[in-house]
Each structure stands twice: as C-alpha cells, then as structure tokens.
Amino acid sequence: MLFRSHNYAQELFNNWDWPAALVDLDAGHTAIAAMLPGNGKVGIVGFCFGGSLAWLAACRYPFDAAVCNYGSDMPKYADETAKCPVLAQVGSADKSFPPDQVAAFQKRHPEVAFQIHPGAPHGFDNPMRPARYHAEACRNGRALTLEFLARHIG
C-alpha cells in the first residue's frame with residue numbers, strides 16, 4: 001500500500017531514532033565541508049521535526065550556523081547549548097511550539113535569535129498545506145534565513 005495513514009506517520013515520528021538521525025547529519029556535514037572551496041563553513045536548516053534536529057545538530061556537532069523553523073521539540077532539549085549561531089523561527093499562532101514555550105526557551109537561551117511571525121501557524125512555510133501556509137511569514141522567513149546564513153557562513 002503506497003498511502004499510509006496519519007497515525008502511521010505519527011507512530012514513525014514518535015519512535016524515531018534521534019541519535020541515528022544526528023549521526024547522519026554529522027556525516028553530511030563532514031562530506032559537504034570536505035567538498036567546499038574557501039572557508040568550508042556549513043550551515044543547517046530544518047523545518048518542524050527538522051527544526052528540532054537542526055537545534056540538536058547545532059548543539060552537538062561543528063556546524064557554523066543553524067536555522068530552526070518551528071522546531072517544536074526544541075524545548076525538550078533546552079538544557080543543551082548551541083556551538084554556533086542559531087536563528088529560530090516560529091509563528092505566533094503555532095500550537096505545537098506555543099508562545100509560553102517560546103518565551104521559556106528564549107529566557108533559557110537569550111543567545112538564540114528568535115523571529116516570531118505574527119499570525120503564522122505551525123508549518124507556515126509549506127504551500128502544499130494551504131490551511132497552514134502563511135505567505136507573508138514564508139516570504140519573510142526565507143529572507144531572514146538567507147540573510148542569517150550569508151552573515152554567518154558567507
């Protein structure tokens with residue numbers, strides 16, 4: 001069967017092997033850094049689950065910059081500290097990473113640059129999900145991402 005239910009996807013997510021995913025990200029970092037001319041700096045950008053992985057990768061591996069978009073599991077790992085500059089982006093209407101959790105994370109990590117997009121829900125950068133897509137937050141978030149990466153990676 002090609003199509004699986006949302007419950008199946010949620011089951012996979014709930015049982016995901018986070019350490020294995022992080023090892024894969026580190027291997028990707030190593031491979032990309034070896035291929036790059038010049039400064040060899042490598043950044044990471046993630047959305048949703050990937051935003052949380054980008055946070056952990058920034059804390060555990062030698063990335064040069066990280067952009068964490070609506071990484072709703074970031075608060076679970078608030079005791080970790082990034083080794084590189086981090087930009088976290090979330091919507092003010094995000095129910096998966098709500099304002100109280102954002103505020104607590106910001107208090108714990110004032111070094112993390114946060115951009116809160118007014119009125120944007122979780123998944124605001126995904127035009128394939130019209131109920132969540134927020135064109136203004138998407139446009140502004142992408143511009144901020146490119147500016148942040150240019151500043152920290154070159």
# chains A, B, ... in the order shown; residues from 1 in each chain; ligands from 1
>>> closest_atom_pairs(of="range 86-135 of chain A", to="range 44-59 of chain A", cutoff="8 Å", atoms="only C-alpha atoms", output="CSV")
residue,atom,partner,partner_atom,distance
A:Val86,CA,A:Ala58,CA,7.6
A:His122,CA,A:Cys48,CA,7.9
A:Gly123,CA,A:Cys48,CA,7.0
>>> closest_residue(among="A:Phe63, A:Leu12, A:Pro37, A:Val90", to="Phe114 in chain A", atoms="only C-alpha atoms")
A:Val90
>>> closest_residue(among="A:Gly119, A:Arg151, A:Gly91, A:Tyr77", to="Trp18 in chain A", atoms="only C-alpha atoms")
A:Tyr77
>>> closest_residue(among="A:Pro98, A:Ala66, A:Ala93, A:Ala113", to="Tyr133 in chain A", atoms="only C-alpha atoms")
A:Ala93
>>> closest_residue(among="A:Thr145, A:Gln106, A:Gln10, A:Gln89", to="Pro118 in chain A", atoms="only C-alpha atoms")
A:Gln89
>>> select_by_dssp(residues="chain A", states="alpha helix (DSSP H)", output="number ranges by chain")
A: 6-14, 18-35, 49-60, 99-108, 135-152
>>> closest_residue(among="A:Pro62, A:Val112, A:Asn140, A:Ala150", to="Ala27 in chain A", atoms="only C-alpha atoms")
A:Pro62
>>> select_by_dssp(residues="range 40-87 of chain A", states="strand (DSSP E)", output="VMD selection string")
chain A and resid 43 to 47 65 to 69 86 to 87
>>> atom_distance(atom1="CA of Tyr61 in chain A", atom2="CA of Thr30 in chain A")
9.9 Å
>>> atom_distance(atom1="CA of Leu87 in chain A", atom2="CA of Leu22 in chain A")
18.8 Å
>>> decode(residues="range 23-47 of chain A", atoms="N, CA and C atoms", output="PDB file, in the first residue's frame")
ATOM      1  N   VAL A  23      23.633  11.403  13.745  1.00  0.00           N
ATOM      2  CA  VAL A  23      24.868  10.856  13.167  1.00  0.00           C
ATOM      3  C   VAL A  23      24.855  11.069  11.657  1.00  0.00           C
ATOM      4  N   ASP A  24      23.690  10.874  11.034  1.00  0.00           N
ATOM      5  CA  ASP A  24      23.579  11.113   9.594  1.00  0.00           C
ATOM      6  C   ASP A  24      23.842  12.585   9.259  1.00  0.00           C
ATOM      7  N   LEU A  25      23.315  13.491  10.078  1.00  0.00           N
ATOM      8  CA  LEU A  25      23.547  14.920   9.832  1.00  0.00           C
ATOM      9  C   LEU A  25      25.024  15.265   9.984  1.00  0.00           C
ATOM     10  N   ASP A  26      25.671  14.679  10.972  1.00  0.00           N
ATOM     11  CA  ASP A  26      27.103  14.917  11.146  1.00  0.00           C
ATOM     12  C   ASP A  26      27.891  14.379   9.955  1.00  0.00           C
ATOM     13  N   ALA A  27      27.520  13.215   9.462  1.00  0.00           N
ATOM     14  CA  ALA A  27      28.201  12.651   8.292  1.00  0.00           C
ATOM     15  C   ALA A  27      27.999  13.555   7.075  1.00  0.00           C
ATOM     16  N   GLY A  28      26.786  14.084   6.925  1.00  0.00           N
ATOM     17  CA  GLY A  28      26.523  15.024   5.834  1.00  0.00           C
ATOM     18  C   GLY A  28      27.367  16.272   5.972  1.00  0.00           C
ATOM     19  N   HIS A  29      27.462  16.789   7.188  1.00  0.00           N
ATOM     20  CA  HIS A  29      28.301  17.958   7.445  1.00  0.00           C
ATOM     21  C   HIS A  29      29.743  17.698   7.030  1.00  0.00           C
ATOM     22  N   THR A  30      30.277  16.582   7.440  1.00  0.00           N
ATOM     23  CA  THR A  30      31.666  16.230   7.129  1.00  0.00           C
ATOM     24  C   THR A  30      31.886  16.134   5.625  1.00  0.00           C
ATOM     25  N   ALA A  31      30.963  15.475   4.937  1.00  0.00           N
ATOM     26  CA  ALA A  31      31.095  15.303   3.488  1.00  0.00           C
ATOM     27  C   ALA A  31      31.013  16.641   2.758  1.00  0.00           C
ATOM     28  N   ILE A  32      30.067  17.480   3.154  1.00  0.00           N
ATOM     29  CA  ILE A  32      29.903  18.777   2.485  1.00  0.00           C
ATOM     30  C   ILE A  32      31.095  19.679   2.764  1.00  0.00           C
ATOM     31  N   ALA A  33      31.556  19.715   4.017  1.00  0.00           N
ATOM     32  CA  ALA A  33      32.705  20.562   4.366  1.00  0.00           C
ATOM     33  C   ALA A  33      33.935  20.178   3.561  1.00  0.00           C
ATOM     34  N   ALA A  34      34.104  18.875   3.304  1.00  0.00           N
ATOM     35  CA  ALA A  34      35.271  18.411   2.540  1.00  0.00           C
ATOM     36  C   ALA A  34      35.201  18.845   1.075  1.00  0.00           C
ATOM     37  N   MET A  35      34.014  19.065   0.552  1.00  0.00           N
ATOM     38  CA  MET A  35      33.841  19.439  -0.850  1.00  0.00           C
ATOM     39  C   MET A  35      33.873  20.944  -1.084  1.00  0.00           C
ATOM     40  N   LEU A  36      33.700  21.729  -0.025  1.00  0.00           N
ATOM     41  CA  LEU A  36      33.572  23.168  -0.186  1.00  0.00           C
ATOM     42  C   LEU A  36      34.907  23.865  -0.407  1.00  0.00           C
ATOM     43  N   PRO A  37      34.935  24.763  -1.359  1.00  0.00           N
ATOM     44  CA  PRO A  37      36.127  25.598  -1.501  1.00  0.00           C
ATOM     45  C   PRO A  37      36.054  26.733  -0.466  1.00  0.00           C
ATOM     46  N   GLY A  38      37.113  27.415  -0.287  1.00  0.00           N
ATOM     47  CA  GLY A  38      37.102  28.594   0.577  1.00  0.00           C
ATOM     48  C   GLY A  38      37.037  28.254   2.045  1.00  0.00           C
ATOM     49  N   ASN A  39      36.087  28.913   2.746  1.00  0.00           N
ATOM     50  CA  ASN A  39      36.047  28.807   4.196  1.00  0.00           C
ATOM     51  C   ASN A  39      35.534  27.467   4.714  1.00  0.00           C
ATOM     52  N   GLY A  40      34.871  26.684   3.880  1.00  0.00           N
ATOM     53  CA  GLY A  40      34.386  25.370   4.286  1.00  0.00           C
ATOM     54  C   GLY A  40      33.293  25.391   5.330  1.00  0.00           C
ATOM     55  N   LYS A  41      32.655  26.535   5.522  1.00  0.00           N
ATOM     56  CA  LYS A  41      31.604  26.644   6.538  1.00  0.00           C
ATOM     57  C   LYS A  41      30.324  25.962   6.056  1.00  0.00           C
ATOM     58  N   VAL A  42      29.646  25.304   7.006  1.00  0.00           N
ATOM     59  CA  VAL A  42      28.430  24.560   6.700  1.00  0.00           C
ATOM     60  C   VAL A  42      27.336  24.963   7.683  1.00  0.00           C
ATOM     61  N   GLY A  43      26.182  25.256   7.149  1.00  0.00           N
ATOM     62  CA  GLY A  43      25.013  25.557   7.975  1.00  0.00           C
ATOM     63  C   GLY A  43      23.985  24.467   7.827  1.00  0.00           C
ATOM     64  N   ILE A  44      22.991  24.522   8.695  1.00  0.00           N
ATOM     65  CA  ILE A  44      21.904  23.552   8.652  1.00  0.00           C
ATOM     66  C   ILE A  44      20.592  24.307   8.814  1.00  0.00           C
ATOM     67  N   VAL A  45      19.585  23.903   8.035  1.00  0.00           N
ATOM     68  CA  VAL A  45      18.257  24.498   8.092  1.00  0.00           C
ATOM     69  C   VAL A  45      17.259  23.358   8.211  1.00  0.00           C
ATOM     70  N   GLY A  46      16.335  23.472   9.152  1.00  0.00           N
ATOM     71  CA  GLY A  46      15.330  22.434   9.314  1.00  0.00           C
ATOM     72  C   GLY A  46      13.961  23.019   9.585  1.00  0.00           C
ATOM     73  N   PHE A  47      12.941  22.251   9.233  1.00  0.00           N
ATOM     74  CA  PHE A  47      11.551  22.644   9.414  1.00  0.00           C
ATOM     75  C   PHE A  47      10.836  21.572  10.225  1.00  0.00           C
TER      76      PHE A  47
END
